[in-house]
$ cat protein-v3.cif   # mmCIF, C-alpha atoms
data_final
#
loop_
_atom_site.group_PDB
_atom_site.id
_atom_site.type_symbol
_atom_site.label_atom_id
_atom_site.label_comp_id
_atom_site.auth_asym_id
_atom_site.auth_seq_id
_atom_site.Cartn_x
_atom_site.Cartn_y
_atom_site.Cartn_z
ATOM 1 C CA MET A 1 0.000 0.000 0.000
ATOM 2 C CA GLY A 2 1.409 3.399 -0.990
ATOM 3 C CA ASN A 3 2.751 5.644 1.763
ATOM 4 C CA ARG A 4 0.978 8.632 0.267
ATOM 5 C CA TYR A 5 -2.383 6.909 0.448
ATOM 6 C CA VAL A 6 -1.865 5.848 4.090
ATOM 7 C CA ALA A 7 -0.583 9.271 5.122
ATOM 8 C CA LYS A 8 -3.525 11.052 3.519
ATOM 9 C CA LYS A 9 -6.053 8.828 5.260
ATOM 10 C CA ILE A 10 -4.339 9.179 8.664
ATOM 11 C CA VAL A 11 -4.099 12.967 8.374
ATOM 12 C CA GLY A 12 -7.752 13.137 7.355
ATOM 13 C CA ALA A 13 -8.756 11.031 10.352
ATOM 14 C CA LEU A 14 -6.741 13.204 12.754
ATOM 15 C CA LEU A 15 -8.257 16.408 11.344
ATOM 16 C CA THR A 16 -11.737 14.944 11.693
ATOM 17 C CA LEU A 17 -11.012 13.939 15.292
ATOM 18 C CA PHE A 18 -9.745 17.435 16.077
ATOM 19 C CA ALA A 19 -12.929 18.917 14.618
ATOM 20 C CA VAL A 20 -14.974 16.570 16.816
ATOM 21 C CA VAL A 21 -12.996 17.670 19.889
ATOM 22 C CA ILE A 22 -13.759 21.322 19.132
ATOM 23 C CA PHE A 23 -17.413 20.573 18.439
ATOM 24 C CA ASN A 24 -17.593 18.585 21.656
ATOM 25 C CA PHE A 25 -16.376 21.598 23.648
ATOM 26 C CA PHE A 26 -19.085 23.944 22.383
ATOM 27 C CA LEU A 27 -21.938 21.442 22.124
ATOM 28 C CA PHE A 28 -22.512 20.800 25.810
ATOM 29 C CA ARG A 29 -22.027 24.438 26.738
ATOM 30 C CA ILE A 30 -24.798 25.377 24.317
ATOM 31 C CA VAL A 31 -27.094 22.580 25.497
ATOM 32 C CA ASP A 32 -26.855 23.620 29.151
ATOM 33 C CA ARG A 33 -25.400 27.022 29.967
ATOM 34 C CA ASP A 34 -25.718 26.521 33.734
ATOM 35 C CA PRO A 35 -25.540 22.787 34.534
ATOM 36 C CA LEU A 36 -25.003 23.487 38.240
ATOM 37 C CA THR A 37 -28.714 24.042 38.757
ATOM 38 C CA LYS A 38 -29.289 20.386 37.862
ATOM 39 C CA TYR A 39 -26.343 18.918 39.720
ATOM 40 C CA ARG A 40 -27.636 15.670 41.159
ATOM 41 C CA GLY A 41 -31.094 17.090 41.531
ATOM 42 C CA ARG A 42 -30.109 20.028 43.734
ATOM 43 C CA SER A 43 -31.693 23.346 42.792
ATOM 44 C CA LYS A 44 -29.523 25.432 45.150
ATOM 45 C CA LEU A 45 -25.807 25.473 45.958
ATOM 46 C CA SER A 46 -23.862 27.614 48.359
ATOM 47 C CA LEU A 47 -21.433 30.159 46.900
ATOM 48 C CA GLU A 48 -18.440 28.096 48.012
ATOM 49 C CA GLN A 49 -19.899 24.899 46.560
ATOM 50 C CA ARG A 50 -20.703 26.700 43.323
ATOM 51 C CA GLU A 51 -17.159 28.057 42.935
ATOM 52 C CA THR A 52 -15.713 24.612 43.656
ATOM 53 C CA MET A 53 -17.977 23.004 41.079
ATOM 54 C CA ILE A 54 -17.204 25.647 38.478
ATOM 55 C CA ARG A 55 -13.473 24.977 38.818
ATOM 56 C CA ARG A 56 -13.991 21.216 38.771
ATOM 57 C CA MET A 57 -16.117 21.417 35.619
ATOM 58 C CA GLY A 58 -13.674 23.683 33.806
ATOM 59 C CA LEU A 59 -16.179 26.542 33.561
ATOM 60 C CA SER A 60 -14.014 29.178 35.227
ATOM 61 C CA GLY A 61 -12.406 31.995 33.255
ATOM 62 C CA SER A 62 -13.130 33.173 29.734
ATOM 63 C CA LYS A 63 -14.269 30.872 26.953
ATOM 64 C CA TRP A 64 -10.734 30.827 25.573
ATOM 65 C CA ASP A 65 -9.300 29.843 28.961
ATOM 66 C CA GLN A 66 -11.919 27.112 29.225
ATOM 67 C CA PHE A 67 -11.084 25.890 25.716
ATOM 68 C CA VAL A 68 -7.334 25.749 26.407
ATOM 69 C CA ALA A 69 -7.945 23.900 29.682
ATOM 70 C CA TYR A 70 -10.320 21.526 27.894
ATOM 71 C CA ILE A 71 -7.773 20.712 25.169
ATOM 72 C CA LYS A 72 -5.038 20.085 27.754
ATOM 73 C CA SER A 73 -7.219 17.838 29.875
ATOM 74 C CA THR A 74 -8.483 15.939 26.811
ATOM 75 C CA LEU A 75 -4.925 15.255 25.635
ATOM 76 C CA GLN A 76 -4.215 13.907 29.131
ATOM 77 C CA LEU A 77 -7.422 11.802 28.996
ATOM 78 C CA ASP A 78 -8.733 13.715 31.979
ATOM 79 C CA PHE A 79 -12.489 14.109 31.466
ATOM 80 C CA GLY A 80 -13.279 15.257 34.985
ATOM 81 C CA ARG A 81 -15.579 13.529 37.441
ATOM 82 C CA SER A 82 -19.036 12.118 36.901
ATOM 83 C CA PHE A 83 -21.808 14.179 38.456
ATOM 84 C CA ASP A 84 -23.697 11.030 39.344
ATOM 85 C CA SER A 85 -21.012 8.778 40.850
ATOM 86 C CA THR A 86 -18.325 11.440 41.573
ATOM 87 C CA ARG A 87 -15.765 8.970 40.195
ATOM 88 C CA PRO A 88 -13.325 9.948 37.418
ATOM 89 C CA VAL A 89 -15.095 9.721 34.072
ATOM 90 C CA LEU A 90 -12.201 7.823 32.514
ATOM 91 C CA ARG A 91 -12.492 5.187 35.232
ATOM 92 C CA GLU A 92 -16.224 4.872 34.606
ATOM 93 C CA ILE A 93 -15.608 4.364 30.889
ATOM 94 C CA THR A 94 -12.775 1.849 31.280
ATOM 95 C CA ASP A 95 -14.868 -0.157 33.749
ATOM 96 C CA ARG A 96 -17.813 -0.369 31.346
ATOM 97 C CA LEU A 97 -15.929 -0.651 28.053
ATOM 98 C CA PRO A 98 -15.098 -4.405 28.274
ATOM 99 C CA ALA A 99 -18.774 -5.341 28.625
ATOM 100 C CA THR A 100 -19.665 -3.346 25.503
ATOM 101 C CA LEU A 101 -16.709 -4.720 23.531
ATOM 102 C CA ILE A 102 -17.748 -8.287 24.353
ATOM 103 C CA LEU A 103 -21.342 -7.583 23.360
ATOM 104 C CA VAL A 104 -20.335 -5.820 20.160
ATOM 105 C CA GLY A 105 -17.714 -8.445 19.309
ATOM 106 C CA VAL A 106 -20.043 -11.418 19.683
ATOM 107 C CA SER A 107 -22.934 -9.803 17.818
ATOM 108 C CA THR A 108 -20.678 -8.564 15.001
ATOM 109 C CA VAL A 109 -19.100 -11.981 14.459
ATOM 110 C CA LEU A 110 -22.551 -13.557 14.302
ATOM 111 C CA THR A 111 -23.802 -10.836 11.964
ATOM 112 C CA ILE A 112 -20.816 -11.177 9.634
ATOM 113 C CA CYS A 113 -21.029 -14.959 9.391
ATOM 114 C CA ILE A 114 -24.804 -15.142 8.933
ATOM 115 C CA GLY A 115 -25.398 -11.905 7.020
ATOM 116 C CA LEU A 116 -22.643 -12.326 4.449
ATOM 117 C CA TYR A 117 -23.591 -15.954 3.826
ATOM 118 C CA ILE A 118 -27.253 -15.098 3.276
ATOM 119 C CA GLY A 119 -26.413 -12.104 1.084
ATOM 120 C CA ALA A 120 -23.909 -14.010 -1.049
ATOM 121 C CA LYS A 121 -26.236 -16.964 -1.586
ATOM 122 C CA ALA A 122 -29.233 -14.729 -2.311
ATOM 123 C CA GLY A 123 -27.300 -12.625 -4.821
ATOM 124 C CA TRP A 124 -25.844 -15.656 -6.572
ATOM 125 C CA ALA A 125 -29.255 -17.345 -6.809
ATOM 126 C CA ARG A 126 -31.104 -14.198 -7.835
ATOM 127 C CA GLY A 127 -34.828 -14.716 -8.305
ATOM 128 C CA SER A 128 -34.862 -18.062 -6.525
ATOM 129 C CA ARG A 129 -37.148 -18.924 -3.633
ATOM 130 C CA PHE A 130 -34.257 -18.512 -1.209
ATOM 131 C CA ASP A 131 -33.536 -15.056 -2.609
ATOM 132 C CA ARG A 132 -37.151 -13.928 -2.288
ATOM 133 C CA VAL A 133 -37.612 -15.243 1.241
ATOM 134 C CA SER A 134 -34.234 -14.087 2.567
ATOM 135 C CA THR A 135 -34.481 -10.633 0.971
ATOM 136 C CA SER A 136 -37.981 -10.070 2.363
ATOM 137 C CA THR A 137 -36.858 -11.222 5.801
ATOM 138 C CA THR A 138 -33.730 -9.090 5.858
ATOM 139 C CA MET A 139 -35.689 -6.051 4.677
ATOM 140 C CA VAL A 140 -38.023 -6.471 7.639
ATOM 141 C CA LEU A 141 -35.062 -6.865 9.996
ATOM 142 C CA TYR A 142 -33.396 -3.793 8.509
ATOM 143 C CA ALA A 143 -36.512 -1.668 9.016
ATOM 144 C CA THR A 144 -37.238 -2.808 12.574
ATOM 145 C CA PRO A 145 -35.703 -0.854 15.506
ATOM 146 C CA GLU A 146 -33.318 -2.763 17.762
ATOM 147 C CA PHE A 147 -35.247 -1.968 20.921
ATOM 148 C CA PHE A 148 -38.296 -3.750 19.477
ATOM 149 C CA PHE A 149 -36.303 -6.966 19.096
ATOM 150 C CA GLY A 150 -35.007 -6.495 22.619
ATOM 151 C CA MET A 151 -38.437 -6.034 24.155
ATOM 152 C CA LEU A 152 -39.821 -8.945 22.136
ATOM 153 C CA LEU A 153 -37.068 -11.284 23.310
ATOM 154 C CA LEU A 154 -37.372 -9.957 26.839
ATOM 155 C CA ALA A 155 -41.124 -10.552 26.970
ATOM 156 C CA ILE A 156 -41.305 -13.905 25.197
ATOM 157 C CA VAL A 157 -37.986 -15.686 25.692
ATOM 158 C CA ALA A 158 -36.963 -14.323 29.077
ATOM 159 C CA GLY A 159 -40.352 -13.481 30.583
ATOM 160 C CA ARG A 160 -42.509 -16.435 29.597
ATOM 161 C CA THR A 161 -40.021 -19.272 29.338
ATOM 162 C CA GLY A 162 -37.518 -18.096 31.939
ATOM 163 C CA TRP A 163 -34.704 -19.654 29.923
ATOM 164 C CA PHE A 164 -32.566 -16.542 30.050
ATOM 165 C CA PRO A 165 -32.099 -13.718 32.582
ATOM 166 C CA THR A 166 -33.952 -10.479 31.980
ATOM 167 C CA GLY A 167 -30.944 -8.224 32.465
ATOM 168 C CA GLY A 168 -27.593 -7.503 34.011
ATOM 169 C CA LEU A 169 -24.143 -8.926 33.359
ATOM 170 C CA ARG A 170 -24.101 -11.737 35.912
ATOM 171 C CA ASP A 171 -25.985 -13.171 38.865
ATOM 172 C CA VAL A 172 -24.899 -11.812 42.228
ATOM 173 C CA GLY A 173 -24.966 -15.202 43.954
ATOM 174 C CA THR A 174 -23.009 -17.049 41.268
ATOM 175 C CA ASN A 175 -20.094 -19.228 42.312
ATOM 176 C CA ASN A 176 -16.819 -17.355 41.982
ATOM 177 C CA GLY A 177 -15.217 -20.199 40.043
ATOM 178 C CA PHE A 178 -13.862 -19.264 36.625
ATOM 179 C CA VAL A 179 -15.963 -21.714 34.619
ATOM 180 C CA ALA A 180 -19.164 -20.918 36.545
ATOM 181 C CA SER A 181 -18.568 -17.172 36.162
ATOM 182 C CA LEU A 182 -17.833 -17.532 32.439
ATOM 183 C CA LEU A 183 -20.981 -19.563 31.812
ATOM 184 C CA ASP A 184 -23.069 -17.119 33.829
ATOM 185 C CA ARG A 185 -21.816 -14.144 31.814
ATOM 186 C CA ALA A 186 -22.400 -16.027 28.558
ATOM 187 C CA HIS A 187 -25.942 -16.815 29.726
ATOM 188 C CA HIS A 188 -26.617 -13.105 30.311
ATOM 189 C CA LEU A 189 -25.056 -12.224 26.958
ATOM 190 C CA VAL A 190 -27.332 -14.369 24.781
ATOM 191 C CA LEU A 191 -30.357 -12.084 24.457
ATOM 192 C CA PRO A 192 -28.503 -8.729 24.123
ATOM 193 C CA SER A 193 -26.142 -10.146 21.490
ATOM 194 C CA LEU A 194 -29.055 -11.763 19.637
ATOM 195 C CA THR A 195 -30.851 -8.402 19.648
ATOM 196 C CA LEU A 196 -27.897 -6.593 18.089
ATOM 197 C CA THR A 197 -27.386 -9.433 15.613
ATOM 198 C CA LEU A 198 -30.980 -9.184 14.403
ATOM 199 C CA GLY A 199 -30.694 -5.405 14.263
ATOM 200 C CA TYR A 200 -27.644 -5.382 11.975
ATOM 201 C CA LEU A 201 -28.199 -8.617 10.052
ATOM 202 C CA GLY A 202 -30.382 -6.970 7.440
ATOM 203 C CA SER A 203 -27.893 -4.285 6.433
ATOM 204 C CA TYR A 204 -24.985 -6.742 6.083
ATOM 205 C CA SER A 205 -27.040 -9.176 4.048
ATOM 206 C CA LEU A 206 -28.458 -6.529 1.716
ATOM 207 C CA ILE A 207 -25.035 -4.986 1.095
ATOM 208 C CA MET A 208 -23.538 -8.374 0.264
ATOM 209 C CA ARG A 209 -26.442 -9.279 -2.006
ATOM 210 C CA THR A 210 -26.093 -6.010 -3.932
ATOM 211 C CA SER A 211 -22.360 -6.569 -4.312
ATOM 212 C CA MET A 212 -22.922 -10.081 -5.605
ATOM 213 C CA LEU A 213 -25.411 -8.810 -8.169
ATOM 214 C CA ASP A 214 -22.857 -6.262 -9.369
ATOM 215 C CA THR A 215 -20.248 -8.982 -9.914
ATOM 216 C CA LEU A 216 -22.461 -11.424 -11.813
ATOM 217 C CA GLY A 217 -21.861 -9.755 -15.162
ATOM 218 C CA GLU A 218 -18.101 -9.358 -14.791
ATOM 219 C CA ASP A 219 -15.827 -10.839 -17.450
ATOM 220 C CA TYR A 220 -13.664 -12.765 -14.999
ATOM 221 C CA LEU A 221 -16.656 -14.918 -14.054
ATOM 222 C CA THR A 222 -17.241 -15.759 -17.704
ATOM 223 C CA THR A 223 -13.553 -16.617 -18.043
ATOM 224 C CA ALA A 224 -13.688 -18.826 -14.953
ATOM 225 C CA ARG A 225 -16.669 -20.711 -16.347
ATOM 226 C CA ALA A 226 -14.942 -21.075 -19.709
ATOM 227 C CA LYS A 227 -12.068 -22.808 -17.913
ATOM 228 C CA GLY A 228 -14.491 -25.489 -16.806
ATOM 229 C CA LEU A 229 -14.745 -24.525 -13.139
ATOM 230 C CA LYS A 230 -17.781 -25.644 -11.185
ATOM 231 C CA GLU A 231 -20.374 -23.038 -10.302
ATOM 232 C CA SER A 232 -19.590 -23.489 -6.615
ATOM 233 C CA ASP A 233 -15.888 -22.809 -7.295
ATOM 234 C CA VAL A 234 -16.714 -19.773 -9.427
ATOM 235 C CA MET A 235 -18.832 -18.387 -6.628
ATOM 236 C CA THR A 236 -16.426 -19.196 -3.770
ATOM 237 C CA HIS A 237 -13.105 -18.293 -5.389
ATOM 238 C CA HIS A 238 -14.061 -15.499 -7.780
ATOM 239 C CA ALA A 239 -17.424 -13.878 -7.091
ATOM 240 C CA VAL A 240 -17.428 -13.747 -3.282
ATOM 241 C CA PRO A 241 -13.904 -12.272 -2.779
ATOM 242 C CA ASN A 242 -14.676 -9.383 -5.125
ATOM 243 C CA ALA A 243 -18.140 -8.832 -3.686
ATOM 244 C CA LEU A 244 -16.649 -8.592 -0.192
ATOM 245 C CA LEU A 245 -15.007 -5.214 -0.842
ATOM 246 C CA PRO A 246 -18.040 -3.015 -0.020
ATOM 247 C CA SER A 247 -18.932 -5.345 2.844
ATOM 248 C CA VAL A 248 -15.492 -4.946 4.416
ATOM 249 C CA SER A 249 -16.000 -1.192 4.591
ATOM 250 C CA ALA A 250 -19.477 -1.593 6.040
ATOM 251 C CA ILE A 251 -18.215 -4.051 8.651
ATOM 252 C CA ALA A 252 -15.357 -1.813 9.783
ATOM 253 C CA ILE A 253 -17.526 1.303 9.992
ATOM 254 C CA SER A 254 -20.305 -0.556 11.804
ATOM 255 C CA PHE A 255 -17.888 -1.467 14.597
ATOM 256 C CA GLY A 256 -17.628 2.187 15.504
ATOM 257 C CA PHE A 257 -21.343 2.822 15.263
ATOM 258 C CA VAL A 258 -22.263 -0.255 17.269
ATOM 259 C CA ILE A 259 -19.915 0.717 20.120
ATOM 260 C CA GLY A 260 -21.691 4.035 20.468
ATOM 261 C CA GLY A 261 -25.075 2.856 19.271
ATOM 262 C CA ALA A 262 -25.890 -0.033 21.617
ATOM 263 C CA ILE A 263 -27.738 2.399 23.881
ATOM 264 C CA THR A 264 -31.227 0.976 23.373
ATOM 265 C CA THR A 265 -30.137 -2.651 23.600
ATOM 266 C CA GLU A 266 -28.135 -2.156 26.792
ATOM 267 C CA THR A 267 -30.933 -0.086 28.293
ATOM 268 C CA VAL A 268 -33.598 -2.714 27.565
ATOM 269 C CA PHE A 269 -31.514 -5.468 29.169
ATOM 270 C CA SER A 270 -29.905 -3.285 31.872
ATOM 271 C CA TYR A 271 -26.558 -4.392 30.460
ATOM 272 C CA PRO A 272 -23.811 -2.378 32.197
ATOM 273 C CA GLY A 273 -21.878 -1.118 29.189
ATOM 274 C CA LEU A 274 -21.252 2.222 27.519
ATOM 275 C CA GLY A 275 -24.749 2.276 26.052
ATOM 276 C CA LEU A 276 -26.414 2.081 29.455
ATOM 277 C CA ALA A 277 -23.893 4.611 30.782
ATOM 278 C CA THR A 278 -24.970 7.005 28.019
ATOM 279 C CA ALA A 279 -28.648 6.553 28.845
ATOM 280 C CA ASP A 280 -27.957 7.131 32.555
ATOM 281 C CA ALA A 281 -25.870 10.219 31.788
ATOM 282 C CA ILE A 282 -28.685 11.683 29.665
ATOM 283 C CA ARG A 283 -31.251 10.954 32.338
ATOM 284 C CA ASN A 284 -29.119 12.483 35.128
ATOM 285 C CA THR A 285 -27.738 15.383 33.030
ATOM 286 C CA ASP A 286 -24.225 14.130 33.726
ATOM 287 C CA LEU A 287 -22.417 16.502 31.359
ATOM 288 C CA PRO A 288 -18.809 15.345 31.932
ATOM 289 C CA MET A 289 -19.881 11.768 31.282
ATOM 290 C CA LEU A 290 -21.891 12.727 28.206
ATOM 291 C CA GLN A 291 -19.043 14.789 26.817
ATOM 292 C CA ALA A 292 -16.552 11.950 27.251
ATOM 293 C CA LEU A 293 -18.905 9.292 25.848
ATOM 294 C CA PHE A 294 -19.645 11.444 22.800
ATOM 295 C CA LEU A 295 -15.917 11.821 22.192
ATOM 296 C CA VAL A 296 -15.257 8.092 22.644
ATOM 297 C CA ALA A 297 -18.084 7.128 20.283
ATOM 298 C CA SER A 298 -16.933 9.650 17.659
ATOM 299 C CA ALA A 299 -13.315 8.498 17.953
ATOM 300 C CA ALA A 300 -14.439 4.892 17.475
ATOM 301 C CA VAL A 301 -16.320 5.778 14.273
ATOM 302 C CA ILE A 302 -13.339 7.752 12.937
ATOM 303 C CA PHE A 303 -10.871 4.989 13.798
ATOM 304 C CA PHE A 304 -12.868 2.204 12.186
ATOM 305 C CA ASN A 305 -13.594 4.387 9.173
ATOM 306 C CA LEU A 306 -9.822 4.740 8.808
ATOM 307 C CA VAL A 307 -9.470 0.969 9.112
ATOM 308 C CA ALA A 308 -12.104 0.565 6.398
ATOM 309 C CA ASP A 309 -10.292 2.971 4.057
ATOM 310 C CA LEU A 310 -6.932 1.265 4.590
ATOM 311 C CA THR A 311 -8.435 -2.190 4.174
ATOM 312 C CA TYR A 312 -10.263 -1.150 1.032
ATOM 313 C CA GLY A 313 -7.040 0.270 -0.379
ATOM 314 C CA LEU A 314 -5.218 -2.951 0.470
ATOM 315 C CA LEU A 315 -7.814 -5.140 -1.225
ATOM 316 C CA ASP A 316 -8.365 -2.933 -4.274
ATOM 317 C CA PRO A 317 -5.143 -1.523 -5.815
ATOM 318 C CA ARG A 318 -7.189 0.828 -8.023
ATOM 319 C CA ILE A 319 -8.195 2.860 -4.954
ATOM 320 C CA ARG A 320 -4.720 3.554 -3.619
ATOM 321 C CA HIS A 321 -3.178 4.164 -7.058
ATOM 322 C CA SER A 322 -5.845 6.727 -7.921
ATOM 323 C CA ILE A 323 -4.434 9.112 -5.267
#
$ encode --input "protein-v3.cif" --output "structure tokens"
Amino acid sequence: MGNRYVAKKIVGALLTLFAVVIFNFFLFRIVDRDPLTKYRGRSKLSLEQRETMIRRMGLSGSKWDQFVAYIKSTLQLDFGRSFDSTRPVLREITDRLPATLILVGVSTVLTICIGLYIGAKAGWARGSRFDRVSTSTTMVLYATPEFFFGMLLLAIVAGRTGWFPTGGLRDVGTNNGFVASLLDRAHHLVLPSLTLTLGYLGSYSLIMRTSMLDTLGEDYLTTARAKGLKESDVMTHHAVPNALLPSVSAIAISFGFVIGGAITTETVFSYPGLGLATADAIRNTDLPMLQALFLVASAAVIFFNLVADLTYGLLDPRIRHSI
């Protein structure tokens, strides 16, 4: 991969991140000009308490002084303290991040394996019964909100059958043994991960199907058939690898969006990840937490978008040589 292509993409990602940092500074000051009046539900603060809170929140001095202090603290990964828990925001995020990464990782792997298979088979067998049924199903999945799947699974699977827990990350009274703890966490992970899988399955499948349809008329498939290759070999070794290019970009970008977009799923299942932390921060007007979570979610989208661009350039030489 050309150094110029990589350098351009990295510089673009850094500039975008810097713009997000600046936007993040002004956004929450516009949303709430005096957040102290809502601090943990208290309508009144003493003068000394107010001055202490102003300094702690970085609201002292002119806007320029606040901006400089904000940039310095952001570079040091110091996002202040949560209004709700009074703990450092960075500690709150690092404590909750593993749960979200596990949830996102499991659901994304399932979505990739199932969605790409369905999309590739449907596109290859265009017009078949499988194509009609799978496309109709994935369209419905694509149009349905994630929280609906969550509530449906919660009411039917967890509520009526009792096969799975209704929320949380683990049972409090579970044996502390490694195997027992691992199985308990996996048991709690089933419904949230299934919800996210159903929510994103439609988009992956439809993208892959469209890519397969675009490759069906390519000359290299005709050449492969002329060489006497079986249809299954033509599909597996020629059509699918080329149709994967748009899907690779979608997969990489979706990682960033899922990390910041699992709010409804984690809220429905009371799953203690970044999504539930975001919902709690909105409900409690926890501005330092909201500001940090917005930055983390934006950075994740930018990072995985960069990964998608670099991967696309690696897989398709025409992209990197056009720059």
$ residues_around --input "protein-v3.cif" --residues "Val268 (chain A)" --least-positions-apart "6" --cutoff "8 Å" --atoms "all atoms listed in the file" --output "PyMOL selection string"
chain A and resi 147+150-151+167
$ atom_distance --input "protein-v3.cif" --atom1 "CA of Leu90 (chain A)" --atom2 "CA of Phe178 (chain A)"
27.4 Å
$ resolve_selection --input "protein-v3.cif" --expression "the PyMOL selection byres ((chain A and resi 299) around 12)" --output "PyMOL selection string"
chain A and resi 13-21+24+253+255-257+259-260+292-298+300-306
$ closest_residue --input "protein-v3.cif" --among "A:Ser249, A:Thr161, A:Gln291, A:Thr278" --to "Thr265 (chain A)" --atoms "only C-alpha atoms"
A:Thr278
$ resolve_selection --input "protein-v3.cif" --expression "the PyMOL selection byres ((chain A and resi 116-127) around 6)" --output "ChimeraX atom specification"
/A:112-115,128,131,205-206,208-209,212-213
$ write_last_selection --input "protein-v3.cif" --atoms "C-alpha atoms" --output "mmCIF file, keeping the file's coordinate frame"
data_model
loop_
_atom_site.group_PDB
_atom_site.id
_atom_site.type_symbol
_atom_site.label_atom_id
_atom_site.label_comp_id
_atom_site.auth_asym_id
_atom_site.auth_seq_id
_atom_site.Cartn_x
_atom_site.Cartn_y
_atom_site.Cartn_z
ATOM 1 C CA ILE A 112 -20.816 -11.177 9.634
ATOM 2 C CA CYS A 113 -21.029 -14.959 9.391
ATOM 3 C CA ILE A 114 -24.804 -15.142 8.933
ATOM 4 C CA GLY A 115 -25.398 -11.905 7.020
ATOM 5 C CA SER A 128 -34.862 -18.062 -6.525
ATOM 6 C CA ASP A 131 -33.536 -15.056 -2.609
ATOM 7 C CA SER A 205 -27.040 -9.176 4.048
ATOM 8 C CA LEU A 206 -28.458 -6.529 1.716
ATOM 9 C CA MET A 208 -23.538 -8.374 0.264
ATOM 10 C CA ARG A 209 -26.442 -9.279 -2.006
ATOM 11 C CA MET A 212 -22.922 -10.081 -5.605
ATOM 12 C CA LEU A 213 -25.411 -8.810 -8.169
#
$ closest_residue --input "protein-v3.cif" --among "A:Gly105, A:Gly275, A:Pro88, A:Pro145" --to "Gly199 (chain A)" --atoms "only C-alpha atoms"
A:Pro145
$ resolve_selection --input "protein-v3.cif" --expression "the PyMOL selection byres ((chain A and resi 186) around 12)" --output "list in words"
Ala99, Ile102, Leu103, Val106, Phe164, Pro165, Gly168, Leu169, Arg170, Asp171, Val179, Ala180, Ser181, Leu182, Leu183, Asp184, Arg185, His187, His188, Leu189, Val190, Leu191, Pro192, Ser193 and Leu194 of chain A
$ atom_distance --input "protein-v3.cif" --atom1 "CA of Thr285 (chain A)" --atom2 "CA of Leu154 (chain A)"
27.8 Å
$ atom_distance --input "protein-v3.cif" --atom1 "CA of Asn3 (chain A)" --atom2 "CA of Leu75 (chain A)"
26.9 Å
$ residues_around --input "protein-v3.cif" --residues "His238 (chain A)" --least-positions-apart "3" --cutoff "9 Å" --atoms "only C-alpha atoms" --output "list in words"
Tyr220, Leu221, Ala224, Asp233, Val234, Met235, Pro241, Asn242 and Ala243 of chain A
$ residues_around --input "protein-v3.cif" --residues "Ala277 (chain A)" --least-positions-apart "3" --cutoff "9 Å" --atoms "only C-alpha atoms" --output "PyMOL selection string"
chain A and resi 92-93+96+263+266-267+272-274+280-282+289-290+293
